[in-house]
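Asks: Structure below; questions to follow.
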Amino acid sequence: MKRKILLVISALMLISCGQKEQEQAVSQVRPTDVAVTKITLQDITDYYTLPGTVEAWDDITVPSEISGPVTWIGKEEGSFVKQGEAILKINTDNLLANLNSAKVQLEDDKKEYLRQKNLYAQKAVSQKQYDTAKKTYDLAVVSYQLALDEFNKSTIKSPVTGIIDDVMPNIGEYVSPGTEVARLIDMSKLKIYVYVPENDVKYLRLGQTVDVYVAEIGGDKNIKQGVINYISVVSDSASNLTHKVRVDIALDRDIRPGRIVRVDIVRKHFQDVMVVDMYAVIDKDGQKVVFINNNGTAEERKVVTGDMIGTKVIIISGVEPGDELITSGQQFLSDGLPVRLGE
């Protein structure tokens, strides 16, 4: 019996000595210098950036509707023009004479119509005389309007707001109906085409707002707002299964057709999630682990991760807000080793 008791006591003493030796060994290990950051709940947006080229809304050729020599050109190539603004004029001598003649005839026929109307009210003329006067006046109104329309056609006006890309005739050059006299780039709004990978199309919707970045001198970004108004239904195999997407943007003098821009498109927006640097998460035996600073000791935690956003990853479970996550030096750690915050 005494022998058994002595054996038990001896075993306990060996275990105690082993524990003390282990504690002494750990205490003698030099602490690993680490950097930490406190885990907090935050919002984060997952987006991707695609290049795109600005295009004019439309390319319009303006023809002449009458014949005659060009007498005036008011806009040169490259000029900005508003809708309804005059570009050039064609000789109007004959048209002006026709207009003036029609105006005089209209005034005479109007006076006669009003005189006949007054007499008819007094029963001084017949119904036929009154009807004839009214018919003559109505025809004079139509003739004057036709003459005015023809006269107005002698001034070629811009049908859109945009840039004059070309003015074809020179002053004195004779043009005929149908002759192209100007080419305009419709700048009432602009469009940008980007090609979205097939896996990301599911995050898009018509009417979605996107940020358009225009690189400026010095590296600063000039941010504009665009709207997605077209998403192709079928992917293009020639462009690695991408979908053509059109982003419309309001007229802006900072952006001209042909300019390269960058478009930011949002995939998802996460609210109140734990986000950490992806390099703080270590693959160990097929599991994801991180190290927490627990009063100067490295504490290994198994974690479940979610979406990756750039160099960040969302942590679903395994840590709590307020934990001090080790973000530097963790590759040299194991559970229970001492750590020291680096300066």
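Starting from 1 in every chain, residues are counted up; chains themselves are A, B, ... following the order of the structure tokens, and ligands are numbered from 1 as listed.
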List the neighbours of range 73-79 of chain A out to 10 Å using only C-alpha atoms; skip same-chain residues closer than 5 positions along the sequence, and give me the result as a list in words.
Replies: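 That gives Glu85, Ala86, Ile87, Leu88, Lys89, Ile90, Thr155, Ile156, Gly162, Ile163, Ile164, Asp165, Asp166, Val167, Met168, Pro169, Asn170, Ile171, Ala182, Arg183, Leu184 and Ile185 of chain A.
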Asks: Neighbours of range 130-139 of chain A within 7 Å (only C-alpha atoms; same-chain residues fewer than 5 positions away dropped), as a list of chain:residue names?
Replies: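 After dropping sequence-adjacent residues, the list is A:Leu106, A:Asp109, A:Lys110, A:Glu112, A:Tyr113, A:Gln116, A:Lys117, A:Tyr120.
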Asks: Which parts of range 37-105 of chain A does DSSP call alpha helix (DSSP H) when run on the backbone here, written out as an mmCIF file with N, CA and C atoms, in the first residue's frame?
Replies:
data_model
loop_
_atom_site.group_PDB
_atom_site.id
_atom_site.type_symbol
_atom_site.label_atom_id
_atom_site.label_comp_id
_atom_site.auth_asym_id
_atom_site.auth_seq_id
_atom_site.Cartn_x
_atom_site.Cartn_y
_atom_site.Cartn_z
ATOM 1 N N ASP A 93 -32.619 85.886 -101.857
ATOM 2 C CA ASP A 93 -33.240 86.993 -102.614
ATOM 3 C C ASP A 93 -34.600 86.601 -103.174
ATOM 4 N N ASN A 94 -34.660 85.519 -103.916
ATOM 5 C CA ASN A 94 -35.934 85.107 -104.521
ATOM 6 C C ASN A 94 -36.954 84.711 -103.457
ATOM 7 N N LEU A 95 -36.470 83.991 -102.452
ATOM 8 C CA LEU A 95 -37.378 83.557 -101.389
ATOM 9 C C LEU A 95 -37.927 84.738 -100.606
ATOM 10 N N LEU A 96 -37.087 85.747 -100.382
ATOM 11 C CA LEU A 96 -37.545 86.936 -99.664
ATOM 12 C C LEU A 96 -38.576 87.705 -100.487
ATOM 13 N N ALA A 97 -38.342 87.766 -101.807
ATOM 14 C CA ALA A 97 -39.318 88.451 -102.681
ATOM 15 C C ALA A 97 -40.651 87.714 -102.652
ATOM 16 N N ASN A 98 -40.615 86.401 -102.710
ATOM 17 C CA ASN A 98 -41.850 85.610 -102.655
ATOM 18 C C ASN A 98 -42.565 85.796 -101.320
ATOM 19 N N LEU A 99 -41.770 85.870 -100.257
ATOM 20 C CA LEU A 99 -42.356 86.047 -98.928
ATOM 21 C C LEU A 99 -43.035 87.408 -98.807
ATOM 22 N N ASN A 100 -42.359 88.449 -99.299
ATOM 23 C CA ASN A 100 -42.929 89.795 -99.218
ATOM 24 C C ASN A 100 -44.206 89.902 -100.050
ATOM 25 N N SER A 101 -44.185 89.258 -101.234
ATOM 26 C CA SER A 101 -45.369 89.281 -102.098
ATOM 27 C C SER A 101 -46.533 88.557 -101.423
ATOM 28 N N ALA A 102 -46.240 87.424 -100.807
ATOM 29 C CA ALA A 102 -47.281 86.666 -100.123
ATOM 30 C C ALA A 102 -47.828 87.436 -98.928
ATOM 31 N N LYS A 103 -46.951 88.196 -98.276
ATOM 32 C CA LYS A 103 -47.391 88.978 -97.114
ATOM 33 C C LYS A 103 -48.329 90.098 -97.529
ATOM 34 N N VAL A 104 -47.974 90.784 -98.632
ATOM 35 C CA VAL A 104 -48.840 91.866 -99.142
ATOM 36 C C VAL A 104 -50.191 91.307 -99.560
ATOM 37 N N GLN A 105 -50.177 90.189 -100.277
ATOM 38 C CA GLN A 105 -51.428 89.563 -100.719
ATOM 39 C C GLN A 105 -52.285 89.151 -99.517
#
Asks: Calculated over only C-alpha atoms, which of the candidates A:Pro257, A:Ile39, A:Val273, A:Val245 has the smallest distance to Thr53 in chain A?
Replies: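 When distances to Thr53 in chain A are compared using only C-alpha atoms, the smallest one comes from A:Pro257.
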Asks: Would you list the contacts of Tyr279 in chain A as a short mmCIF file (atom, residue, chain, number, x, y, z; two decimals) with N, CA, C and O atoms, in the first residue's frame, taking every protein, DNA or RNA residue within 9 Å and counting only C-alpha atoms, but skipping same-chain residues closer than 4 positions in sequence?
Replies:
data_model
loop_
_atom_site.label_atom_id
_atom_site.label_comp_id
_atom_site.auth_asym_id
_atom_site.auth_seq_id
_atom_site.Cartn_x
_atom_site.Cartn_y
_atom_site.Cartn_z
N THR A 311 -8.37 43.41 -51.22
CA THR A 311 -7.43 42.78 -50.29
C THR A 311 -8.07 42.57 -48.91
O THR A 311 -7.37 42.29 -47.94
N LYS A 312 -9.39 42.73 -48.83
CA LYS A 312 -10.11 42.55 -47.57
C LYS A 312 -10.98 41.31 -47.64
O LYS A 312 -11.36 40.85 -48.71
N THR A 327 -2.00 41.53 -37.27
CA THR A 327 -1.96 41.73 -38.72
C THR A 327 -0.54 41.66 -39.29
O THR A 327 -0.36 41.69 -40.50
N SER A 328 0.44 41.60 -38.41
CA SER A 328 1.82 41.49 -38.88
C SER A 328 2.60 40.60 -37.92
O SER A 328 2.50 40.77 -36.70
#
Asks: Excluding Phe270 in chain A and its own-chain neighbours fewer than 6 positions away, which residues fall within 10 Å of it when counting only C-alpha atoms? Please give them as a compact mmCIF listing (two decimals) with all heavy atoms, in the first residue's frame.
Replies:
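What ended up in around_2.txt:
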# COMPACT_ATOMS: atom_id res chain seq x y z
N GLN A 42 -18.24 47.46 -39.64
CA GLN A 42 -18.16 48.55 -40.61
C GLN A 42 -18.94 48.22 -41.87
O GLN A 42 -19.34 47.08 -42.08
CB GLN A 42 -16.71 48.86 -40.95
CG GLN A 42 -15.93 47.65 -41.46
CD GLN A 42 -14.46 47.96 -41.66
OE1 GLN A 42 -14.09 48.64 -42.61
NE2 GLN A 42 -13.62 47.47 -40.74
N ASP A 43 -19.14 49.25 -42.68
CA ASP A 43 -19.78 49.07 -43.98
C ASP A 43 -18.70 48.98 -45.05
O ASP A 43 -17.67 49.65 -44.96
CB ASP A 43 -20.71 50.25 -44.31
CG ASP A 43 -21.86 50.38 -43.31
OD1 ASP A 43 -22.09 49.41 -42.57
OD2 ASP A 43 -22.49 51.44 -43.28
N ILE A 44 -18.94 48.17 -46.06
CA ILE A 44 -17.97 48.05 -47.15
C ILE A 44 -18.71 47.74 -48.45
O ILE A 44 -19.73 47.05 -48.44
CB ILE A 44 -16.91 46.96 -46.85
CG1 ILE A 44 -15.78 47.02 -47.89
CG2 ILE A 44 -17.54 45.58 -46.79
CD1 ILE A 44 -14.57 46.19 -47.51
N THR A 45 -18.21 48.30 -49.53
CA THR A 45 -18.83 48.11 -50.85
C THR A 45 -17.90 47.30 -51.74
O THR A 45 -16.71 47.61 -51.86
CB THR A 45 -19.12 49.47 -51.51
OG1 THR A 45 -20.02 50.20 -50.69
CG2 THR A 45 -19.76 49.28 -52.88
N ASP A 46 -18.47 46.29 -52.36
CA ASP A 46 -17.72 45.47 -53.31
C ASP A 46 -18.03 45.99 -54.71
O ASP A 46 -19.18 45.96 -55.15
CB ASP A 46 -18.15 44.01 -53.17
CG ASP A 46 -17.39 43.10 -54.12
OD1 ASP A 46 -16.35 43.53 -54.66
OD2 ASP A 46 -17.82 41.95 -54.33
N ASP A 307 -17.28 36.90 -48.18
CA ASP A 307 -16.83 37.49 -49.44
C ASP A 307 -15.48 38.18 -49.30
O ASP A 307 -15.15 38.76 -48.25
CB ASP A 307 -17.85 38.52 -49.93
CG ASP A 307 -19.14 37.87 -50.41
OD1 ASP A 307 -19.78 37.18 -49.60
OD2 ASP A 307 -19.51 38.07 -51.58
N ILE A 314 -14.37 39.37 -45.39
CA ILE A 314 -15.37 39.47 -44.33
C ILE A 314 -15.27 38.24 -43.43
O ILE A 314 -15.23 37.11 -43.92
CB ILE A 314 -16.79 39.60 -44.93
CG1 ILE A 314 -16.93 40.92 -45.69
CG2 ILE A 314 -17.86 39.50 -43.85
CD1 ILE A 314 -18.25 41.09 -46.41
Asks: Have a look at A:Met187, A:Val62, A:Val141, A:Leu333 and name the one nearest to Arg256 in chain A; count only C-alpha atoms.
Replies: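 Nearest candidate to Arg256 in chain A out of A:Met187, A:Val62, A:Val141, A:Leu333: A:Met187.
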Asks: Please list as number ranges by chain every residue within 10 Å of Phe291 in chain A, counting only C-alpha atoms and excluding residues in the same chain fewer than 6 positions away.
Replies: A: 36, 280-282, 297-302, 319, 323-331, 333-336
Asks: Go ahead and write the selection's residues with N, CA, C and O atoms as a short mmCIF file (atom, residue, chain, number, x, y, z; two decimals), in the first residue's frame.
Replies:
data_model
loop_
_atom_site.label_atom_id
_atom_site.label_comp_id
_atom_site.auth_asym_id
_atom_site.auth_seq_id
_atom_site.Cartn_x
_atom_site.Cartn_y
_atom_site.Cartn_z
N VAL A 36 -1.12 45.03 -34.44
CA VAL A 36 -2.51 44.63 -34.23
C VAL A 36 -3.45 45.74 -34.68
O VAL A 36 -3.06 46.89 -34.81
N ALA A 280 -4.11 38.68 -42.94
CA ALA A 280 -4.15 38.32 -41.51
C ALA A 280 -4.74 36.93 -41.32
O ALA A 280 -4.63 36.34 -40.24
N VAL A 281 -5.38 36.40 -42.36
CA VAL A 281 -6.00 35.08 -42.28
C VAL A 281 -5.03 34.04 -42.85
O VAL A 281 -4.52 34.20 -43.96
N ILE A 282 -4.80 32.98 -42.08
CA ILE A 282 -3.83 31.94 -42.47
C ILE A 282 -4.55 30.62 -42.74
O ILE A 282 -5.50 30.26 -42.04
N THR A 297 -0.26 37.44 -25.28
CA THR A 297 -0.15 36.04 -25.72
C THR A 297 -0.95 35.84 -27.00
O THR A 297 -2.07 36.35 -27.12
N ALA A 298 -0.36 35.13 -27.95
CA ALA A 298 -1.04 34.84 -29.21
C ALA A 298 -2.10 33.78 -29.00
O ALA A 298 -1.79 32.69 -28.50
N GLU A 299 -3.33 34.10 -29.37
CA GLU A 299 -4.43 33.14 -29.24
C GLU A 299 -4.95 32.80 -30.63
O GLU A 299 -5.41 33.66 -31.38
N GLU A 300 -4.83 31.52 -30.96
CA GLU A 300 -5.27 31.07 -32.29
C GLU A 300 -6.79 30.91 -32.31
O GLU A 300 -7.37 30.30 -31.42
N ARG A 301 -7.43 31.45 -33.34
CA ARG A 301 -8.88 31.33 -33.49
C ARG A 301 -9.21 30.78 -34.89
O ARG A 301 -8.69 31.27 -35.90
N LYS A 302 -10.07 29.78 -34.92
CA LYS A 302 -10.59 29.30 -36.20
C LYS A 302 -11.74 30.22 -36.61
O LYS A 302 -12.61 30.54 -35.79
N VAL A 319 -14.34 35.47 -34.35
CA VAL A 319 -13.81 36.62 -33.62
C VAL A 319 -14.97 37.54 -33.27
O VAL A 319 -16.10 37.36 -33.76
N ASP A 323 -11.84 42.59 -30.47
CA ASP A 323 -10.65 41.73 -30.43
C ASP A 323 -9.49 42.42 -31.13
O ASP A 323 -9.68 43.11 -32.15
N GLU A 324 -8.27 42.20 -30.59
CA GLU A 324 -7.07 42.77 -31.20
C GLU A 324 -6.50 41.76 -32.20
O GLU A 324 -5.83 40.79 -31.81
N LEU A 325 -6.76 41.98 -33.44
CA LEU A 325 -6.31 41.07 -34.50
C LEU A 325 -4.85 41.34 -34.83
O LEU A 325 -4.45 42.49 -35.06
N ILE A 326 -4.04 40.29 -34.84
CA ILE A 326 -2.64 40.43 -35.21
C ILE A 326 -2.54 40.45 -36.73
O ILE A 326 -2.97 39.51 -37.40
N THR A 327 -2.00 41.53 -37.27
CA THR A 327 -1.96 41.73 -38.72
C THR A 327 -0.54 41.66 -39.29
O THR A 327 -0.36 41.69 -40.50
N SER A 328 0.44 41.60 -38.41
CA SER A 328 1.82 41.49 -38.88
C SER A 328 2.60 40.60 -37.92
O SER A 328 2.50 40.77 -36.70
N GLY A 329 3.35 39.68 -38.46
CA GLY A 329 4.12 38.74 -37.64
C GLY A 329 3.36 37.46 -37.34
O GLY A 329 3.91 36.54 -36.71
N GLN A 330 2.12 37.35 -37.80
CA GLN A 330 1.30 36.18 -37.47
C GLN A 330 1.82 34.90 -38.10
O GLN A 330 1.55 33.79 -37.60
N GLN A 331 2.59 35.01 -39.18
CA GLN A 331 3.11 33.81 -39.84
C GLN A 331 4.16 33.08 -39.00
O GLN A 331 4.51 31.94 -39.29
N LEU A 333 3.79 32.71 -35.64
CA LEU A 333 3.16 32.41 -34.36
C LEU A 333 2.53 31.02 -34.32
O LEU A 333 2.23 30.42 -35.35
N SER A 334 2.35 30.56 -33.09
CA SER A 334 1.50 29.40 -32.80
C SER A 334 0.77 29.73 -31.51
O SER A 334 1.14 30.66 -30.78
N ASP A 335 -0.26 28.98 -31.22
CA ASP A 335 -1.12 29.28 -30.08
C ASP A 335 -0.32 29.28 -28.77
O ASP A 335 0.44 28.34 -28.48
N GLY A 336 -0.48 30.36 -27.99
CA GLY A 336 0.15 30.45 -26.67
C GLY A 336 1.49 31.12 -26.64
O GLY A 336 2.03 31.38 -25.55
#
Asks: Extract, using only C-alpha atoms, all DNA, RNA and protein residues at most 12 Å from Lys202 in chain A, discarding same-chain residues fewer than 6 positions from it, and format them as a list in words.
Replies: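 So the residues in contact are Val196, Ile231, Ser232, Val233, His243, Ile265, Val266, Arg267 and Lys268 of chain A.
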Asks: Nearest to Leu241 in chain A among A:Val339, A:Val201, A:Val54, A:Ala140, with distances taken over only C-alpha atoms: which residue is it?
Replies: A:Val201
Asks: Enumerate, as JSON, numbers by chain, the complete set of residues in range 205-261 of chain A that a backbone-based DSSP assignment places in strand (DSSP E).
Replies: {"A": [209, 210, 211, 212, 213, 214, 215, 221, 222, 223, 224, 225, 226, 227, 228, 229, 230, 231, 242, 243, 244, 245, 246, 247, 248, 249, 250, 260, 261]}
Asks: Counting only C-alpha atoms, which residue out of A:Gly178, A:Pro197, A:Gly207, A:Gly318 sits closest to Ser67 in chain A?
Replies: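 For Ser67 in chain A, the nearest of the candidates is A:Gly178.
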Asks: Please determine, counting only C-alpha atoms, which residue among A:Ile309, A:Val212, A:Val160, A:Ala147 has the shortest atom-to-atom distance to Val81 in chain A.
Replies: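 Closest residue, counting only C-alpha atoms: A:Val160.
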Asks: So how far away is CA of Arg340 in chain A from CA of Asn293 in chain A, in Å?
Replies: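 We find that CA of Asn293 in chain A and CA of Arg340 in chain A lie 8.9 Å from each other.
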Asks: CA of Asp277 in chain A to CA of Asp33 in chain A: how many Å, to one decimal?
Replies: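 CA of Asp33 in chain A lies at a distance of 18.2 Å from CA of Asp277 in chain A.
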Asks: To one decimal place, how far is CA of Lys224 in chain A from CA of Thr61 in chain A in Å?
Replies: 29.2 Å
